[in-house]
>>> print(open('coords07.cif').read())   # mmCIF, C-alpha atoms and all ligand atoms
data_my_file
#
loop_
_atom_site.label_atom_id
_atom_site.label_comp_id
_atom_site.auth_asym_id
_atom_site.auth_seq_id
_atom_site.Cartn_x
_atom_site.Cartn_y
_atom_site.Cartn_z
CA MET K 10 102.96 118.05 2.41
CA LYS K 11 106.21 118.74 4.27
CA ALA K 12 107.41 117.09 7.47
CA LEU K 13 110.00 118.45 9.89
CA ILE K 14 111.96 115.52 11.29
CA ILE K 15 113.82 116.33 14.50
CA GLY K 16 116.79 114.06 15.18
CA ALA K 17 118.88 111.93 12.80
CA GLY K 18 119.03 108.83 15.03
CA ILE K 19 117.48 105.48 14.12
CA GLY K 20 114.03 106.94 14.79
CA GLY K 21 114.39 110.11 12.72
CA MET K 22 116.10 108.42 9.78
CA SER K 23 113.57 105.59 9.61
CA ALA K 24 110.64 108.01 9.95
CA ALA K 25 112.02 110.03 7.04
CA ALA K 26 112.38 106.85 4.97
CA ALA K 27 108.78 105.83 5.76
CA LEU K 28 107.35 109.25 4.90
CA LYS K 29 109.40 109.47 1.71
CA GLN K 30 107.79 106.19 0.63
CA GLN K 31 104.47 108.04 0.90
CA GLY K 32 105.73 110.91 -1.25
CA ILE K 33 106.05 113.31 1.68
CA GLU K 34 108.90 115.81 1.62
CA CYS K 35 111.06 115.64 4.77
CA ALA K 36 113.50 118.16 6.20
CA ILE K 37 115.76 116.54 8.81
CA PHE K 38 117.34 118.57 11.62
CA GLU K 39 120.01 117.09 13.88
CA ALA K 40 121.37 118.83 16.98
CA VAL K 41 124.98 117.74 16.75
CA LYS K 42 127.48 118.39 13.97
CA ASP K 43 129.20 115.06 14.47
CA ILE K 44 127.00 112.15 15.58
CA LYS K 45 128.52 110.11 18.42
CA PRO K 46 125.99 107.43 19.31
CA VAL K 47 125.53 106.38 22.96
CA GLY K 48 126.55 102.73 23.07
CA ALA K 49 128.77 100.68 20.81
CA ALA K 50 126.26 98.36 19.20
CA LEU K 51 122.75 97.05 19.39
CA SER K 52 120.81 93.98 18.45
CA ILE K 53 118.21 94.64 15.82
CA TRP K 54 115.82 91.76 16.40
CA SER K 55 113.87 90.21 13.53
CA ASN K 56 110.98 92.68 13.92
CA GLY K 57 113.45 95.56 13.45
CA VAL K 58 115.17 93.86 10.52
CA LYS K 59 111.77 93.40 8.84
CA CYS K 60 111.16 97.12 9.29
CA MET K 61 114.54 97.96 7.72
CA ASN K 62 113.65 95.69 4.77
CA HIS K 63 110.22 97.33 4.44
CA LEU K 64 111.82 100.79 4.45
CA GLY K 65 114.24 99.81 1.68
CA MET K 66 117.31 99.65 3.95
CA GLY K 67 117.62 95.86 4.23
CA SER K 68 121.02 95.87 2.52
CA ILE K 69 122.40 97.78 5.52
CA MET K 70 121.35 94.89 7.76
CA ASP K 71 122.89 92.37 5.35
CA GLU K 72 126.19 94.20 5.49
CA LEU K 73 126.34 95.00 9.21
CA GLY K 74 124.54 92.08 10.86
CA GLY K 75 126.76 89.65 12.76
CA PRO K 76 126.41 85.86 12.53
CA MET K 77 124.40 85.31 15.72
CA HIS K 78 123.21 81.73 15.18
CA ASN K 79 123.24 80.34 18.72
CA MET K 80 122.53 81.56 22.21
CA ALA K 81 124.07 80.44 25.52
CA TYR K 82 123.95 81.33 29.20
CA LEU K 83 126.89 80.40 31.40
CA ASP K 84 127.42 80.52 35.13
CA GLY K 85 129.56 83.61 35.60
CA LEU K 86 131.62 82.21 38.44
CA SER K 87 132.26 78.62 37.30
CA GLY K 88 131.97 79.21 33.56
CA ALA K 89 129.70 76.11 33.30
CA VAL K 90 127.13 76.14 30.50
CA MET K 91 123.61 76.59 31.89
CA THR K 92 121.87 76.39 28.52
CA LYS K 93 122.90 76.55 24.89
CA PHE K 94 120.69 76.33 21.82
CA SER K 95 120.32 77.26 18.19
CA LEU K 96 118.34 80.36 17.18
CA ALA K 97 117.35 78.65 13.89
CA PRO K 98 113.85 77.72 15.20
CA LEU K 99 113.26 81.38 16.05
CA VAL K 100 114.34 82.54 12.60
CA GLU K 101 112.11 79.90 11.04
CA ALA K 102 109.10 80.89 13.19
CA VAL K 103 109.36 84.64 12.60
CA GLY K 104 110.75 84.65 9.06
CA GLU K 105 113.80 86.84 9.61
CA ARG K 106 117.11 86.68 11.44
CA PRO K 107 118.25 89.00 14.23
CA CYS K 108 121.15 91.32 13.39
CA PRO K 109 123.55 92.58 16.04
CA VAL K 110 125.17 95.68 14.48
CA SER K 111 127.67 98.41 15.24
CA ARG K 112 125.60 101.40 16.24
CA ALA K 113 127.90 103.97 14.67
CA ASP K 114 127.95 102.04 11.38
CA LEU K 115 124.17 101.64 11.39
CA GLN K 116 123.53 105.32 12.00
CA SER K 117 126.16 106.38 9.51
CA GLN K 118 124.79 104.07 6.80
CA MET K 119 121.21 105.22 7.40
CA ILE K 120 122.39 108.81 7.01
CA ASP K 121 124.32 107.96 3.83
CA TRP K 122 121.32 106.09 2.47
CA TRP K 123 119.25 109.25 2.87
CA GLY K 124 122.02 111.59 1.69
CA ARG K 125 124.27 113.20 4.31
CA ASP K 126 124.27 116.53 2.49
CA SER K 127 120.53 116.88 2.71
CA ILE K 128 120.46 116.62 6.53
CA GLN K 129 120.85 119.85 8.49
CA PHE K 130 123.38 119.20 11.25
CA GLY K 131 124.02 121.55 14.19
CA LYS K 132 120.29 122.37 14.46
CA ARG K 133 119.14 121.89 18.06
CA ILE K 134 115.44 122.52 18.51
CA GLU K 135 114.60 124.49 21.65
CA LYS K 136 111.02 125.55 21.08
CA VAL K 137 108.08 124.58 18.96
CA GLU K 138 104.92 126.44 17.97
CA GLN K 139 101.94 124.84 16.30
CA SER K 140 98.84 126.25 14.66
CA ASP K 141 96.11 125.09 12.29
CA THR K 142 98.37 125.87 9.35
CA GLY K 143 101.52 124.06 10.49
CA VAL K 144 104.45 123.75 12.91
CA THR K 145 107.43 126.03 13.48
CA ALA K 146 110.67 124.69 14.95
CA TYR K 147 112.97 127.19 16.64
CA PHE K 148 116.64 126.24 16.84
CA THR K 149 119.29 127.38 19.31
CA ASP K 150 121.28 129.05 16.50
CA GLY K 151 118.43 131.52 16.05
CA THR K 152 117.06 129.96 12.85
CA GLN K 153 113.63 128.44 12.38
CA ALA K 154 111.85 126.03 10.03
CA PHE K 155 108.22 125.59 9.06
CA GLY K 156 106.40 122.42 8.04
CA ASP K 157 102.90 120.96 7.81
CA PHE K 158 103.72 118.56 10.62
CA MET K 159 106.60 117.47 12.82
CA VAL K 160 108.02 114.11 13.85
CA ALA K 161 110.05 114.63 17.02
CA ALA K 162 112.60 111.82 17.16
CA ASP K 163 114.98 113.73 19.39
CA GLY K 164 115.70 110.89 21.80
CA THR K 165 115.21 110.22 25.47
CA HIS K 166 116.04 113.82 26.49
CA SER K 167 113.53 115.14 23.91
CA ALA K 168 113.06 118.90 23.87
CA VAL K 169 109.64 118.48 22.23
CA ARG K 170 108.11 115.85 24.53
CA ALA K 171 106.97 118.27 27.27
CA HIS K 172 105.16 120.38 24.67
CA VAL K 173 103.25 117.32 23.45
CA LEU K 174 102.47 115.91 26.90
CA GLY K 175 101.91 119.18 28.74
CA TYR K 176 104.30 118.10 31.51
CA GLN K 177 107.94 117.16 32.04
CA THR K 178 108.68 113.46 32.36
CA GLU K 179 111.23 112.15 34.84
CA ARG K 180 113.80 109.56 33.79
CA ARG K 181 113.78 106.60 36.21
CA TYR K 182 117.10 105.03 37.17
CA ALA K 183 116.83 101.29 36.53
CA GLY K 184 119.40 100.41 39.21
CA TYR K 185 122.37 99.28 37.14
CA VAL K 186 125.36 100.52 35.21
CA ASN K 187 126.20 99.17 31.75
CA TRP K 188 129.67 99.26 30.22
CA ASN K 189 129.80 98.46 26.51
CA GLY K 190 132.19 98.45 23.59
CA LEU K 191 133.63 96.45 20.71
CA VAL K 192 136.51 93.99 20.77
CA ALA K 193 138.01 91.56 18.23
CA ILE K 194 136.39 88.11 18.37
CA ASP K 195 138.48 85.69 20.41
CA GLU K 196 137.12 82.14 20.28
CA SER K 197 138.83 81.34 23.57
CA ILE K 198 136.46 83.84 25.21
CA ALA K 199 133.27 82.82 23.39
CA PRO K 200 132.23 81.28 20.03
CA GLY K 201 132.08 83.81 17.21
CA ASN K 202 128.59 82.76 16.11
CA GLN K 203 126.86 82.88 19.47
CA TRP K 204 125.22 85.38 21.80
CA THR K 205 127.00 84.39 25.01
CA THR K 206 125.94 85.68 28.43
CA PHE K 207 127.61 84.98 31.77
CA VAL K 208 125.30 85.55 34.76
CA GLY K 209 125.69 85.58 38.54
CA GLU K 210 125.27 87.85 41.58
CA GLY K 211 122.66 89.91 39.69
CA LYS K 212 125.36 90.91 37.18
CA ARG K 213 125.92 89.90 33.59
CA VAL K 214 128.63 89.86 30.95
CA SER K 215 127.53 89.44 27.38
CA MET K 216 129.01 89.18 23.89
CA MET K 217 127.31 89.27 20.51
CA PRO K 218 129.09 88.89 17.15
CA ILE K 219 128.79 91.85 14.77
CA ALA K 220 130.26 92.24 11.26
CA ASP K 221 134.02 92.32 10.69
CA ASP K 222 134.86 89.71 13.33
CA ARG K 223 134.03 91.87 16.31
CA PHE K 224 132.16 91.19 19.52
CA TYR K 225 129.78 93.76 20.94
CA PHE K 226 130.38 93.26 24.67
CA PHE K 227 128.62 94.61 27.71
CA PHE K 228 128.93 94.32 31.46
CA ASP K 229 126.00 95.09 33.78
CA VAL K 230 126.40 95.71 37.53
CA PRO K 231 123.66 96.82 39.93
CA LEU K 232 125.03 100.04 41.48
CA PRO K 233 123.90 103.39 42.87
CA THR K 234 123.93 106.38 40.52
CA GLY K 235 126.58 109.08 40.47
CA LEU K 236 129.71 107.03 41.28
CA ALA K 237 133.02 108.71 40.45
CA GLN K 238 133.93 106.28 37.67
CA ASP K 239 134.91 106.93 34.09
CA ARG K 240 137.04 105.50 31.29
CA SER K 241 140.21 105.96 33.32
CA THR K 242 138.93 103.59 36.02
CA VAL K 243 137.07 101.08 33.85
CA VAL K 244 139.54 98.18 33.99
CA ASN K 245 139.95 98.46 37.77
CA ASP K 246 136.21 98.85 38.25
CA LEU K 247 135.36 95.76 36.18
CA THR K 248 138.22 93.73 37.69
CA GLY K 249 136.78 94.47 41.13
CA TYR K 250 133.14 93.78 40.27
CA PHE K 251 133.99 90.54 38.49
CA ALA K 252 136.66 89.21 40.88
CA GLY K 253 136.39 85.43 41.07
CA TRP K 254 134.44 85.17 37.79
CA ALA K 255 135.37 82.61 35.14
CA GLU K 256 138.50 82.85 32.98
CA PRO K 257 136.75 84.08 29.76
CA VAL K 258 135.35 87.06 31.68
CA GLN K 259 138.83 87.95 32.96
CA LYS K 260 140.20 87.62 29.41
CA LEU K 261 137.48 89.92 28.10
CA ILE K 262 138.26 92.57 30.73
CA ALA K 263 141.94 92.35 29.75
CA ALA K 264 141.06 92.74 26.05
CA ILE K 265 138.83 95.82 26.21
CA ASP K 266 140.00 99.25 25.16
CA PRO K 267 139.08 101.69 27.97
CA ASP K 268 139.20 104.66 25.56
CA THR K 269 136.29 103.26 23.54
CA THR K 270 134.34 101.65 26.37
CA ASN K 271 131.12 103.46 27.29
CA ARG K 272 129.72 103.64 30.83
CA ILE K 273 125.99 104.26 31.01
CA GLU K 274 123.63 104.51 33.99
CA ILE K 275 120.52 102.81 32.61
CA HIS K 276 117.21 104.67 32.78
CA ASP K 277 113.71 104.41 31.40
CA ILE K 278 110.62 106.64 31.48
CA GLU K 279 107.20 105.66 32.80
CA PRO K 280 105.17 104.94 29.63
CA PHE K 281 102.53 107.49 28.63
CA ASP K 282 99.55 107.33 26.27
CA THR K 283 99.97 110.62 24.42
CA LEU K 284 102.29 110.31 21.44
CA VAL K 285 100.66 112.99 19.31
CA LYS K 286 99.43 116.54 19.81
CA GLY K 287 97.70 117.79 16.66
CA ASN K 288 100.37 118.07 13.99
CA ILE K 289 103.30 116.92 16.18
CA ALA K 290 104.16 113.26 16.75
CA LEU K 291 106.75 111.80 19.10
CA LEU K 292 108.69 108.80 17.76
CA GLY K 293 111.44 106.50 19.06
CA ASP K 294 112.98 107.22 22.47
CA ALA K 295 111.21 110.58 22.57
CA ALA K 296 107.94 108.61 22.68
CA HIS K 297 109.04 105.62 24.77
CA SER K 298 112.31 105.27 26.64
CA THR K 299 113.11 101.75 27.71
CA THR K 300 115.91 99.93 29.46
CA PRO K 301 117.83 97.83 26.92
CA ASP K 302 116.94 94.55 28.65
CA ILE K 303 114.96 93.03 25.77
CA GLY K 304 116.88 94.87 23.04
CA GLN K 305 113.78 96.56 21.67
CA GLY K 306 114.33 100.35 22.01
CA GLY K 307 115.75 100.83 18.53
CA CYS K 308 113.51 98.11 17.08
CA SER K 309 110.43 99.89 18.37
CA ALA K 310 111.64 103.17 16.83
CA LEU K 311 111.78 101.28 13.51
CA GLU K 312 108.31 99.88 14.13
CA ASP K 313 107.01 103.40 14.89
CA ALA K 314 108.36 104.58 11.55
CA VAL K 315 106.77 101.73 9.59
CA VAL K 316 103.40 102.31 11.27
CA LEU K 317 103.63 106.05 10.67
CA GLY K 318 104.14 105.38 6.96
CA GLN K 319 101.27 102.88 6.92
CA CYS K 320 98.96 105.46 8.55
CA PHE K 321 99.85 108.03 5.88
CA SER K 322 99.28 105.51 3.10
CA ALA K 323 95.73 105.01 4.39
CA GLU K 324 94.85 108.73 4.48
CA ALA K 325 94.51 111.41 1.81
CA LYS K 326 97.52 113.71 2.07
CA ASN K 327 95.67 116.93 2.90
CA VAL K 328 95.56 118.64 6.31
CA SER K 329 92.66 116.63 7.74
CA GLY K 330 94.14 113.40 6.37
CA MET K 331 97.48 114.27 7.98
CA LEU K 332 95.87 114.87 11.38
CA ALA K 333 93.95 111.59 11.07
CA ALA K 334 97.12 109.72 10.06
CA LEU K 335 99.00 111.03 13.12
CA LYS K 336 96.11 110.15 15.44
CA ASN K 337 95.95 106.66 13.92
CA TYR K 338 99.70 106.30 14.46
CA GLU K 339 99.25 107.12 18.14
CA GLU K 340 96.42 104.63 18.49
CA ALA K 341 98.34 101.90 16.67
CA ARG K 342 101.50 102.35 18.74
CA ARG K 343 100.69 103.38 22.30
CA LEU K 344 99.85 99.95 23.76
CA ARG K 345 102.65 98.15 21.92
CA VAL K 346 105.35 100.55 23.11
CA LYS K 347 104.01 100.60 26.66
CA ASP K 348 104.09 96.81 26.70
CA LEU K 349 107.71 96.73 25.50
CA VAL K 350 108.88 99.27 28.10
CA LEU K 351 107.19 97.37 30.93
CA LYS K 352 108.40 94.01 29.67
CA ALA K 353 111.97 95.33 29.57
CA ARG K 354 111.60 96.76 33.08
CA LYS K 355 110.45 93.41 34.42
CA ARG K 356 113.30 91.58 32.68
CA CYS K 357 115.70 94.23 34.00
CA ASP K 358 114.68 93.63 37.61
CA VAL K 359 115.01 89.84 37.37
CA THR K 360 118.35 90.00 35.53
CA HIS K 361 119.84 92.56 37.92
CA GLY K 362 118.91 91.07 41.27
CA LYS K 363 116.27 93.53 42.42
CA ASN K 364 114.93 90.58 44.41
CA MET K 365 117.78 88.07 44.60
CA GLN K 366 115.39 85.14 45.26
CA GLU K 367 113.66 85.79 41.92
CA THR K 368 117.01 86.16 40.21
CA GLN K 369 118.20 82.88 41.71
CA ALA K 370 114.98 81.20 40.52
CA TRP K 371 115.76 82.52 37.01
CA TYR K 372 119.29 81.08 37.19
CA ASP K 373 117.74 77.73 38.20
CA GLU K 374 115.33 77.99 35.26
CA LEU K 375 118.23 78.65 32.89
CA ARG K 376 119.84 75.37 33.98
CA ARG K 377 116.65 73.54 32.91
CA GLU K 378 116.09 75.62 29.76
CA THR K 379 116.19 73.81 26.41
CA GLY K 380 115.76 77.02 24.43
CA GLU K 381 112.04 76.48 23.92
CA ASN K 382 110.86 79.01 26.53
CA ILE K 383 113.35 81.69 25.60
CA ILE K 384 112.54 81.31 21.92
CA ALA K 385 108.80 81.43 22.68
CA GLY K 386 109.30 84.75 24.53
CA LEU K 387 111.38 86.23 21.72
CA ARG K 388 108.88 84.99 19.13
CA THR K 389 105.96 86.67 20.91
CA THR K 390 107.79 89.99 21.20
CA ILE K 391 108.76 89.88 17.52
CA LEU K 392 105.41 88.72 16.15
CA GLU K 393 103.49 91.40 18.05
CA GLY K 394 105.24 93.96 15.82
CA PRO K 395 103.55 95.60 12.82
CA LEU K 396 105.10 93.37 10.12
CA ALA K 397 104.41 89.98 11.73
P1 LIG K 401 118.51 108.55 19.53
O1 LIG K 401 119.29 107.42 19.01
O2 LIG K 401 118.84 109.07 20.89
O3 LIG K 401 118.60 109.73 18.47
C1 LIG K 401 118.09 111.00 18.74
C2 LIG K 401 118.80 112.00 17.85
O4 LIG K 401 118.22 113.28 18.09
C3 LIG K 401 120.28 112.11 18.19
O5 LIG K 401 121.04 112.05 17.01
C4 LIG K 401 120.39 113.45 18.90
O6 LIG K 401 121.63 114.09 18.70
C5 LIG K 401 119.25 114.23 18.27
N1 LIG K 401 118.73 115.28 19.16
C6 LIG K 401 118.63 115.26 20.51
N2 LIG K 401 118.10 116.40 20.96
C7 LIG K 401 117.86 117.18 19.86
C8 LIG K 401 117.32 118.47 19.69
N3 LIG K 401 116.93 119.23 20.73
N4 LIG K 401 117.21 118.98 18.43
C9 LIG K 401 117.60 118.22 17.35
N5 LIG K 401 118.12 116.97 17.47
C10 LIG K 401 118.25 116.46 18.71
N6 LIG K 401 117.78 99.06 21.11
C11 LIG K 401 117.62 97.94 20.37
O7 LIG K 401 116.73 97.87 19.53
N7 LIG K 401 118.46 96.87 20.56
C12 LIG K 401 119.48 96.89 21.46
O8 LIG K 401 120.21 95.91 21.59
C13 LIG K 401 119.67 98.06 22.23
N8 LIG K 401 120.69 98.13 23.12
C14 LIG K 401 120.87 99.28 23.82
C15 LIG K 401 121.93 99.33 24.73
C16 LIG K 401 122.14 100.47 25.47
C17 LIG K 401 123.27 100.51 26.46
C18 LIG K 401 121.28 101.58 25.31
C19 LIG K 401 121.49 102.84 26.10
C20 LIG K 401 120.22 101.54 24.41
C21 LIG K 401 120.01 100.38 23.67
N9 LIG K 401 118.96 100.30 22.74
C22 LIG K 401 118.78 99.15 22.02
C23 LIG K 401 118.01 101.40 22.58
C24 LIG K 401 118.32 102.25 21.35
O9 LIG K 401 119.65 102.70 21.40
C25 LIG K 401 117.39 103.43 21.28
O10 LIG K 401 116.07 103.02 21.53
C26 LIG K 401 117.47 104.09 19.92
O11 LIG K 401 118.76 104.58 19.70
C27 LIG K 401 116.44 105.21 19.84
O12 LIG K 401 116.61 105.91 18.64
P2 LIG K 401 116.10 107.40 18.52
O13 LIG K 401 116.40 107.81 17.14
O14 LIG K 401 114.70 107.47 19.02
O15 LIG K 401 116.96 108.20 19.58
#
>>> encode(input="coords07.cif", output="structure tokens")
Amino acid sequence: MKALIIGAGIGGMSAAAALKQQGIECAIFEAVKDIKPVGAALSIWSNGVKCMNHLGMGSIMDELGGPMHNMAYLDGLSGAVMTKFSLAPLVEAVGERPCPVSRADLQSQMIDWWGRDSIQFGKRIEKVEQSDTGVTAYFTDGTQAFGDFMVAADGTHSAVRAHVLGYQTERRYAGYVNWNGLVAIDESIAPGNQWTTFVGEGKRVSMMPIADDRFYFFFDVPLPTGLAQDRSTVVNDLTGYFAGWAEPVQKLIAAIDPDTTNRIEIHDIEPFDTLVKGNIALLGDAAHSTTPDIGQGGCSALEDAVVLGQCFSAEAKNVSGMLAALKNYEEARRLRVKDLVLKARKRCDVTHGKNMQETQAWYDELRRETGENIIAGLRTTILEGPLA
């Protein structure tokens, strides 16, 4: 049994790891020659960390995960603490810690774990053909590959998705721009063991500690799409949007390196029920593209991979078993991933002032928050994953 894995992102690499555990040969094809991930870092929540452990890559989390022990929200303008609490009760309830990690390091280590030399880089799929005997991938360099089945983990702009769904999906602009990057931890900006978020005016500024004494930072501002802004304008842009905000926010803007700061217009895709067509499965952002508002896009790609492996372990590894395993994967995942996308969309709207009255009510709630409600929400999201 041979699988074609399209994409060497978190989704593709974890799918390959899961299938390898089931004794399935995987050939991995990645479009770019040199992977440059979108975004500086990401938080792998406990459900994602459990998946990495299950797939045999837990040591990567141990090495890259930052010491995020507490969580705090502050009023962006005054700098006053709205709520601050320990994440220890969450870790105790779910049995694993969350790990904020450098995205480039995570992807690079997953690739090294697999074996960089056995991944085919510079292979961009442009067409797929499937039959009863297998799947053929056609690449833009004129080459092709054949396998018994395909896992398309080629991201939010997936070239395979339309073939599986029978229609083109539209990406939906979520209404805000996110700037993100890495900066050395400065305790005068925020504690080095805390996920700190400043909120106000439907905007937010956030910092999470990752390994090697660095903060992953991001700024969110509700804005129209298509503004003429880039790295050359980032400091001016942020200085303008956050004029009058508290001193630590100004210090952070002064500390960032514009050359390594990413600017992303945040999108998602309306969730769909079809994740599998015969011997082709969508996985990760190809199957479900979410806004990053609950930090679950990458985690759900890891969950997809674990479930895919579990479905293969339950089926005989012949053609009919393979088709049943893929169908079971779709059934096991479609409601979970839809729920996460819609949850993130809801959180996105409240955080980013879609209706300022609701956002204000959330700010008021934060001032009364003891940590219990936020932890309960995180716990539910985590424990609804496959390795609860
Ligand atoms: P990708 O990471 O996009 O990988 C797809 C791979 O396929 C790429 O390497 C690409 O080059 C390759 N590819 C593309 N097209 C082709 C083709 N035609 N042929 C071959 N290969 C192809 N998630 C979290 O869990 N926690 C977070 O905190 C978090 N924060 C985020 C913050 C931001 C600003 C953003 C934008 C996203 C965030 N996410 C987060 C989401 C997370 O980044 C994605 O869900 C995750 O990267 C999806 O992994 P993937 O492998 O499915 O897709």
>>> closest_atom_pairs(input="coords07.cif", of="stretch 285-350 of chain K", to="stretch 44-67 of chain K", cutoff="12 Å", atoms="only C-alpha atoms", output="CSV")
residue,atom,partner,partner_atom,distance
K:Pro301,CA,K:Leu51,CA,9.0
K:Asp302,CA,K:Ser52,CA,10.9
K:Ile303,CA,K:Ser52,CA,9.4
K:Gly304,CA,K:Ser52,CA,6.1
K:Gln305,CA,K:Trp54,CA,7.4
K:Gly306,CA,K:Ile53,CA,9.3
K:Gly307,CA,K:Ile53,CA,7.2
K:Cys308,CA,K:Gly57,CA,4.4
K:Ser309,CA,K:Gly57,CA,7.2
K:Ala310,CA,K:Gly57,CA,8.5
K:Leu311,CA,K:Cys60,CA,6.0
K:Glu312,CA,K:Cys60,CA,6.3
K:Asp313,CA,K:Cys60,CA,9.4
K:Ala314,CA,K:Cys60,CA,8.3
K:Val315,CA,K:Cys60,CA,6.4
K:Val316,CA,K:Cys60,CA,9.5
K:Leu317,CA,K:Leu64,CA,11.6
K:Gly318,CA,K:Leu64,CA,9.3
K:Gln319,CA,K:His63,CA,10.8
>>> closest_residue(input="coords07.cif", among="K:Tyr338, K:Ile19, K:Ser241, K:Glu210", to="K:Gln366", atoms="all atoms listed in the file")
K:Glu210
>>> residues_around(input="coords07.cif", residues="K:Ile120", least_positions_apart="3", cutoff="12 Å", atoms="only C-alpha atoms", output="ChimeraX atom specification")
/K:16-23,25-26,37-39,43-44,66,69,113-117,123-130
>>> residues_around(input="coords07.cif", residues="stretch 72-85 of chain K", least_positions_apart="5", cutoff="9 Å", atoms="all atoms listed in the file", output="VMD selection string")
chain K and resid 52 to 53 67 90 to 97 106 to 111 114 to 115 201 to 210 212 to 214 217 to 224 251 253 to 255 258 372 375 to 376 380
>>> closest_residue(input="coords07.cif", among="K:Phe155, K:Tyr185, K:Phe148, K:Phe321", to="ligand LIG 401 (chain K)", atoms="only C-alpha atoms and all ligand atoms")
K:Phe148
>>> residues_near_point(input="coords07.cif", point="(110.9, 120.3, 8.3)", cutoff="7 Å", atoms="all atoms listed in the file", output="PyMOL selection string")
chain K and resi 11-14+35-37+154-156+159
